[in-house]
>>> print(open('coords25.tsv').read())   # TSV, C-alpha atoms and all ligand atoms
chain	number	residue	atom	x	y	z
V	1	MET	CA	0.34	-29.52	25.97
V	2	SER	CA	2.92	-27.45	24.16
V	3	ASN	CA	3.38	-26.59	20.52
V	4	ALA	CA	6.94	-25.43	20.96
V	5	CYS	CA	9.61	-26.89	18.73
V	6	ASP	CA	13.28	-26.57	19.57
V	7	LEU	CA	15.37	-24.43	17.29
V	8	LEU	CA	17.61	-26.91	15.48
V	9	GLY	CA	20.36	-26.27	12.97
V	10	GLY	CA	19.60	-22.55	12.95
V	11	GLU	CA	16.15	-23.10	11.42
V	12	PRO	CA	13.16	-21.17	12.77
V	13	ALA	CA	11.03	-22.96	15.34
V	14	LEU	CA	7.65	-24.35	14.38
V	15	SER	CA	6.14	-22.05	16.98
V	16	ARG	CA	6.85	-18.98	14.81
V	17	ALA	CA	5.42	-17.67	11.52
V	18	PRO	CA	4.97	-18.97	8.90
V	19	TRP	CA	4.70	-22.37	10.59
V	20	ASN	CA	2.75	-21.76	13.79
V	21	GLU	CA	-0.67	-21.55	12.11
V	22	ARG	CA	0.01	-24.63	10.01
V	23	VAL	CA	1.90	-27.05	12.27
V	24	ALA	CA	1.58	-27.92	15.96
V	25	LEU	CA	3.77	-30.31	17.92
V	26	MET	CA	2.40	-31.84	21.11
V	27	SER	CA	5.38	-33.53	22.77
V	28	GLY	CA	4.64	-36.70	24.75
V	29	TRP	CA	0.97	-36.77	23.71
V	30	LEU	CA	1.05	-40.53	24.40
V	31	VAL	CA	2.68	-41.39	27.72
V	32	ALA	CA	5.92	-43.35	27.34
V	33	ASP	CA	4.62	-46.71	28.66
V	34	ALA	CA	1.60	-46.68	26.35
V	35	ALA	CA	3.75	-45.60	23.40
V	36	HIS	CA	6.29	-48.41	23.99
V	37	SER	CA	3.53	-51.05	24.27
V	38	LEU	CA	1.87	-49.75	21.10
V	39	LEU	CA	5.18	-49.84	19.22
V	40	ASN	CA	5.76	-53.51	20.15
V	41	LEU	CA	2.20	-54.50	19.34
V	42	LEU	CA	2.13	-52.79	15.95
V	43	ARG	CA	5.55	-54.13	14.96
V	44	ASP	CA	4.23	-57.68	15.50
V	45	GLU	CA	0.63	-57.36	14.32
V	46	VAL	CA	0.39	-54.87	11.46
V	47	PRO	CA	0.50	-56.55	7.98
V	48	TRP	CA	3.59	-54.70	6.73
V	49	THR	CA	4.32	-54.46	3.04
V	50	VAL	CA	6.88	-52.73	0.89
V	51	HIS	CA	4.83	-50.38	-1.27
V	52	ARG	CA	5.95	-49.99	-4.89
V	53	ILE	CA	6.09	-46.30	-5.71
V	54	ARG	CA	6.84	-44.30	-8.82
V	55	MET	CA	9.98	-42.16	-8.57
V	56	PHE	CA	11.49	-40.19	-11.43
V	57	GLY	CA	9.42	-42.27	-13.90
V	58	ARG	CA	10.51	-45.69	-12.50
V	59	TRP	CA	8.79	-48.18	-10.19
V	60	VAL	CA	10.88	-48.77	-7.07
V	61	ASP	CA	10.48	-50.26	-3.58
V	62	SER	CA	9.59	-47.57	-1.10
V	63	PRO	CA	12.43	-47.09	1.44
V	64	ARG	CA	10.34	-48.20	4.43
V	65	LEU	CA	7.56	-50.66	5.31
V	66	SER	CA	3.97	-49.43	5.15
V	67	CYS	CA	0.33	-50.29	5.73
V	68	TRP	CA	-2.83	-48.43	4.69
V	69	MET	CA	-5.62	-49.00	7.23
V	70	GLY	CA	-9.09	-47.65	7.89
V	71	GLU	CA	-12.81	-47.81	7.25
V	72	PRO	CA	-13.96	-50.27	4.55
V	73	GLY	CA	-13.91	-48.65	1.12
V	74	VAL	CA	-11.50	-45.86	2.00
V	75	ARG	CA	-9.17	-46.23	-0.94
V	76	TYR	CA	-6.11	-44.07	-1.21
V	77	ARG	CA	-4.20	-43.28	-4.37
V	78	TYR	CA	-0.60	-42.49	-3.65
V	79	SER	CA	2.52	-42.45	-5.83
V	80	GLY	CA	0.76	-44.13	-8.75
V	81	THR	CA	-0.95	-46.98	-6.81
V	82	THR	CA	-4.40	-47.39	-5.28
V	83	PHE	CA	-4.39	-48.99	-1.83
V	84	GLU	CA	-7.34	-50.87	-0.28
V	85	PRO	CA	-7.50	-50.44	3.48
V	86	GLU	CA	-6.64	-53.13	6.01
V	87	PRO	CA	-9.26	-53.25	8.78
V	88	TRP	CA	-8.53	-51.09	11.83
V	89	HIS	CA	-6.16	-52.64	14.34
V	90	PRO	CA	-8.11	-52.37	17.65
V	91	ALA	CA	-5.25	-50.54	19.39
V	92	ILE	CA	-5.19	-47.91	16.62
V	93	HIS	CA	-8.97	-47.60	16.49
V	94	ALA	CA	-8.92	-46.98	20.26
V	95	LEU	CA	-6.78	-43.85	19.71
V	96	LEU	CA	-9.42	-42.16	17.53
V	97	PRO	CA	-11.66	-40.46	20.13
V	98	GLY	CA	-8.72	-38.78	21.93
V	99	LEU	CA	-7.02	-37.88	18.68
V	100	GLU	CA	-10.14	-36.42	17.09
V	101	SER	CA	-10.81	-34.36	20.16
V	102	ALA	CA	-7.17	-33.11	20.32
V	103	CYS	CA	-7.30	-32.12	16.63
V	104	GLY	CA	-10.94	-31.03	16.36
V	105	ALA	CA	-11.28	-33.12	13.19
V	106	PRO	CA	-12.45	-36.63	12.24
V	107	PHE	CA	-10.22	-39.36	10.77
V	108	ASN	CA	-11.27	-42.44	8.80
V	109	SER	CA	-7.89	-43.87	7.81
V	110	VAL	CA	-4.22	-44.00	8.66
V	111	LEU	CA	-1.02	-44.51	6.69
V	112	ILE	CA	1.42	-46.39	8.90
V	113	ASN	CA	5.13	-46.27	8.10
V	114	ARG	CA	7.86	-48.36	9.68
V	115	TYR	CA	11.43	-47.09	9.38
V	116	ARG	CA	13.66	-50.10	10.13
V	117	SER	CA	16.68	-47.91	10.91
V	118	GLY	CA	18.05	-44.45	10.15
V	119	GLY	CA	18.59	-45.63	6.55
V	120	ASP	CA	14.83	-45.76	5.89
V	121	TYR	CA	13.31	-42.39	5.07
V	122	MET	CA	10.58	-40.38	3.35
V	123	GLY	CA	11.50	-37.79	0.72
V	124	TRP	CA	10.06	-34.32	0.16
V	125	HIS	CA	6.32	-34.40	-0.55
V	126	SER	CA	2.95	-32.90	0.41
V	127	ASP	CA	-0.07	-34.90	1.53
V	128	ASP	CA	-2.08	-33.25	-1.21
V	129	GLU	CA	-3.92	-36.10	-2.91
V	130	PRO	CA	-7.29	-34.74	-4.15
V	131	GLU	CA	-9.33	-37.13	-2.00
V	132	LEU	CA	-7.91	-35.49	1.14
V	133	GLY	CA	-9.59	-32.19	0.23
V	134	PRO	CA	-8.07	-28.70	-0.09
V	135	GLU	CA	-7.11	-28.17	3.57
V	136	PRO	CA	-6.64	-31.58	5.19
V	137	VAL	CA	-5.89	-32.06	8.87
V	138	ILE	CA	-3.09	-34.64	9.10
V	139	ALA	CA	-2.36	-36.03	12.57
V	140	SER	CA	0.96	-37.83	12.94
V	141	ILE	CA	1.88	-39.97	15.96
V	142	SER	CA	5.50	-41.07	16.38
V	143	LEU	CA	6.69	-44.24	18.14
V	144	GLY	CA	10.22	-45.58	18.57
V	145	ALA	CA	13.49	-43.91	17.63
V	146	ALA	CA	13.53	-40.09	17.52
V	147	ARG	CA	13.94	-38.74	13.97
V	148	ARG	CA	14.28	-35.33	12.31
V	149	PHE	CA	11.17	-33.98	10.59
V	150	VAL	CA	11.71	-31.11	8.15
V	151	LEU	CA	9.40	-28.69	6.38
V	152	ARG	CA	10.00	-26.16	3.62
V	153	MET	CA	7.85	-23.69	1.68
V	154	LYS	CA	7.22	-24.71	-1.94
V	155	ALA	CA	7.74	-21.13	-3.15
V	156	ASP	CA	10.99	-20.64	-1.22
V	157	HIS	CA	12.94	-23.75	-0.26
V	158	ALA	CA	15.17	-21.64	1.96
V	159	CYS	CA	12.18	-21.02	4.24
V	160	LYS	CA	12.47	-24.17	6.39
V	161	ALA	CA	11.73	-25.52	9.83
V	162	GLU	CA	12.61	-28.74	11.56
V	163	CYS	CA	12.07	-30.60	14.78
V	164	MET	CA	12.83	-33.97	16.34
V	165	LEU	CA	9.87	-36.33	16.59
V	166	ALA	CA	10.25	-38.57	19.65
V	167	ILE	CA	8.19	-41.43	21.02
V	168	GLY	CA	4.63	-40.40	21.85
V	169	ASP	CA	4.78	-37.05	20.04
V	170	LEU	CA	1.76	-35.83	18.08
V	171	LEU	CA	2.37	-33.48	15.14
V	172	VAL	CA	-0.64	-31.90	13.46
V	173	MET	CA	-0.57	-30.19	10.05
V	174	ARG	CA	-3.61	-28.19	8.97
V	175	GLY	CA	-4.97	-25.28	6.90
V	176	ASP	CA	-3.07	-24.67	3.67
V	177	CYS	CA	0.04	-26.51	4.90
V	178	GLN	CA	-0.10	-29.22	2.20
V	179	ARG	CA	-0.75	-26.64	-0.52
V	180	VAL	CA	2.10	-24.28	0.33
V	181	ALA	CA	4.67	-26.53	2.00
V	182	GLN	CA	6.41	-29.90	1.73
V	183	HIS	CA	7.72	-32.16	4.47
V	184	ALA	CA	10.22	-35.03	4.71
V	185	LEU	CA	11.78	-37.48	7.13
V	186	PRO	CA	15.48	-37.55	6.11
V	187	LYS	CA	17.92	-40.42	6.60
V	188	MET	CA	19.84	-40.26	9.90
V	189	ALA	CA	23.07	-42.22	9.72
V	190	GLY	CA	23.52	-42.71	13.47
V	191	VAL	CA	20.05	-44.08	14.17
V	192	LYS	CA	19.96	-47.86	14.69
V	193	GLY	CA	16.50	-48.18	16.25
V	194	GLU	CA	13.15	-48.62	14.54
V	195	ARG	CA	10.46	-45.98	14.28
V	196	ILE	CA	6.76	-46.39	13.52
V	197	ASN	CA	4.71	-43.38	12.43
V	198	LEU	CA	0.95	-43.17	12.05
V	199	THR	CA	-0.49	-40.37	9.89
V	200	PHE	CA	-4.26	-40.19	10.35
V	201	ARG	CA	-6.28	-38.69	7.51
V	202	TRP	CA	-9.85	-38.12	6.38
V	203	VAL	CA	-10.43	-39.47	2.89
V	204	GLY	CA	-13.54	-37.71	1.70
V	205	CYS	CA	-15.42	-40.15	-0.46
V	206	ARG	CA	-19.03	-40.84	0.50
V	207	ALA	CA	-18.50	-44.59	0.97
V	208	ALA	CA	-15.85	-43.71	3.50
V	209	ARG	CA	-18.12	-42.11	6.10
V	210	ARG	CA	-17.54	-43.32	9.61
V	211	THR	CA	-20.40	-45.46	10.84
V	212	ASP	CA	-19.60	-45.51	14.55
V	213	ARG	CA	-19.76	-41.80	15.47
V	214	ARG	CA	-21.13	-38.73	13.70
V	215	ASP	CA	-20.29	-35.95	16.07
V	216	PHE	CA	-18.24	-33.74	13.77
V	217	ALA	CA	-19.66	-30.91	11.73
V	218	ALA	CA	-17.63	-32.03	8.71
V	219	GLU	CA	-19.53	-35.31	8.66
V	220	LYS	CA	-22.90	-33.67	8.75
V	221	THR	CA	-22.50	-31.48	5.69
D	1	LIG	O1	7.14	-40.49	9.26
D	1	LIG	C1	6.80	-39.31	9.31
D	1	LIG	O2	6.91	-38.63	10.33
D	1	LIG	C2	6.19	-38.65	8.08
D	1	LIG	C3	5.20	-39.52	7.37
D	1	LIG	C4	4.53	-38.81	6.26
D	1	LIG	O3	4.86	-37.72	5.89
D	1	LIG	C5	3.40	-39.46	5.58
D	1	LIG	O4	3.00	-40.57	5.94
D	1	LIG	O5	2.86	-38.85	4.63
D	2	MN	MN	3.39	-36.83	4.49
>>> encode(input="coords25.tsv", output="structure tokens")
Amino acid sequence: MSNACDLLGGEPALSRAPWNERVALMSGWLVADAAHSLLNLLRDEVPWTVHRIRMFGRWVDSPRLSCWMGEPGVRYRYSGTTFEPEPWHPAIHALLPGLESACGAPFNSVLINRYRSGGDYMGWHSDDEPELGPEPVIASISLGAARRFVLRMKADHACKAECMLAIGDLLVMRGDCQRVAQHALPKMAGVKGERINLTFRWVGCRAARRTDRRDFAAEKT
């Protein structure tokens, strides 16, 4: 496994300070065949919706399809709306043991985003909703078309990093990353293909505790 990120557009690689302690990229974490099968399955079987989000004081359609999924009762408040979770898709639930062991952290929910082409995107933001806790571990699996992923420090927008996220890649953000930095998935004019991204999270309300396994210290406290 490698956490190297190619130097793109003159920006520093993720493998150097200040990013290396906050972000790790594991290229090809899912083997290509498994990643392609998962992409096709999720495209057909996930209940996709267009989330309504609040932007600059107005309600608008989010520029992608989405689905909030996880343990019963794991509600997530995001961009002015509270989402109730869809039950785990079995193929996503099956990823949890390997993912939790790769990240050393438990997950009880996932936000799934489907970018229909390079015109769909996600703007600058941090995954800093209070229910995620002060230093959340966010594990992001990419399927489908490769897209640019960019990060910048909140205190100095010129301090940036970027990488391409390709099929099967696992990107993990941890520590104070959400507090001090923002990330985005910009539009990419030349990209025709679809991309599905899964960002696994731990939403820390008591009702949300995982019932199937309790092998992480965080769950015992
Ligand atoms: O699609 C991506 O890689 C980013 C998704 C993301 O930032 C999120 O779901 O919060
Ligand atoms: Mn995010």
>>> residues_around(input="coords25.tsv", residues="segment 85-96 of chain V", least_positions_apart="4", cutoff="10 Å", atoms="all atoms listed in the file", output="list in words")
Leu30, Leu38, Leu41, Leu42, Glu45, Val46, Pro47, Cys67, Trp68, Met69, Gly70, Glu71, Pro72, Gly73, Val74, Arg75, Tyr76, Glu100, Ser101, Ala102, Pro106, Phe107, Asn108, Ser109, Val110, Leu111, Leu198 and Phe200 of chain V
>>> closest_residue(input="coords25.tsv", among="V:Pro136, V:Gly28, V:Gly123, V:Pro18", to="Leu171 of chain V", atoms="all atoms listed in the file")
V:Gly28
>>> closest_residue(input="coords25.tsv", among="V:Pro186, V:Gly133, V:Gly119, V:Pro97", to="ligand LIG 1 (chain D)", atoms="only C-alpha atoms and all ligand atoms")
V:Pro186
>>> closest_residue(input="coords25.tsv", among="V:Arg22, V:Arg52, V:Arg16, V:Arg43", to="Asp176 of chain V", atoms="all atoms listed in the file")
V:Arg22
>>> closest_atom_pairs(input="coords25.tsv", of="chain V", to="ligand LIG 1 (chain D)", cutoff="6 Å", atoms="all atoms listed in the file", output="JSON lines")
{"residue": "V:Leu111", "atom": "CA", "partner": "D:LIG1", "partner_atom": "O4", "distance": 5.7}
{"residue": "V:Asp127", "atom": "CA", "partner": "D:LIG1", "partner_atom": "O5", "distance": 5.8}
{"residue": "V:Leu185", "atom": "CA", "partner": "D:LIG1", "partner_atom": "C1", "distance": 5.7}
{"residue": "V:Asn197", "atom": "CA", "partner": "D:LIG1", "partner_atom": "O1", "distance": 4.9}
{"residue": "V:Thr199", "atom": "CA", "partner": "D:LIG1", "partner_atom": "O4", "distance": 5.3}
>>> write_last_selection(input="coords25.tsv", atoms="C-alpha atoms", output="PDB file, in the coordinates of the input")
ATOM      1  CA  LEU V 111      -1.020 -44.510   6.690  1.00  0.00           C
ATOM      2  CA  ASP V 127      -0.070 -34.900   1.530  1.00  0.00           C
ATOM      3  CA  LEU V 185      11.780 -37.480   7.130  1.00  0.00           C
ATOM      4  CA  ASN V 197       4.710 -43.380  12.430  1.00  0.00           C
ATOM      5  CA  THR V 199      -0.490 -40.370   9.890  1.00  0.00           C
TER       6      THR V 199
END
>>> residues_near_ligand(input="coords25.tsv", ligand="ligand MN 2 (chain D)", cutoff="7 Å", atoms="all atoms listed in the file", output="list in words")
His125, Ser126, Asp127 and His183 of chain V
>>> closest_residue(input="coords25.tsv", among="V:His51, V:Lys187, V:Arg64, V:Arg58", to="Thr82 of chain V", atoms="all atoms listed in the file")
V:His51
>>> closest_residue(input="coords25.tsv", among="V:Asp169, V:Glu162, V:Asp44, V:Asp156", to="Leu99 of chain V", atoms="all atoms listed in the file")
V:Asp169
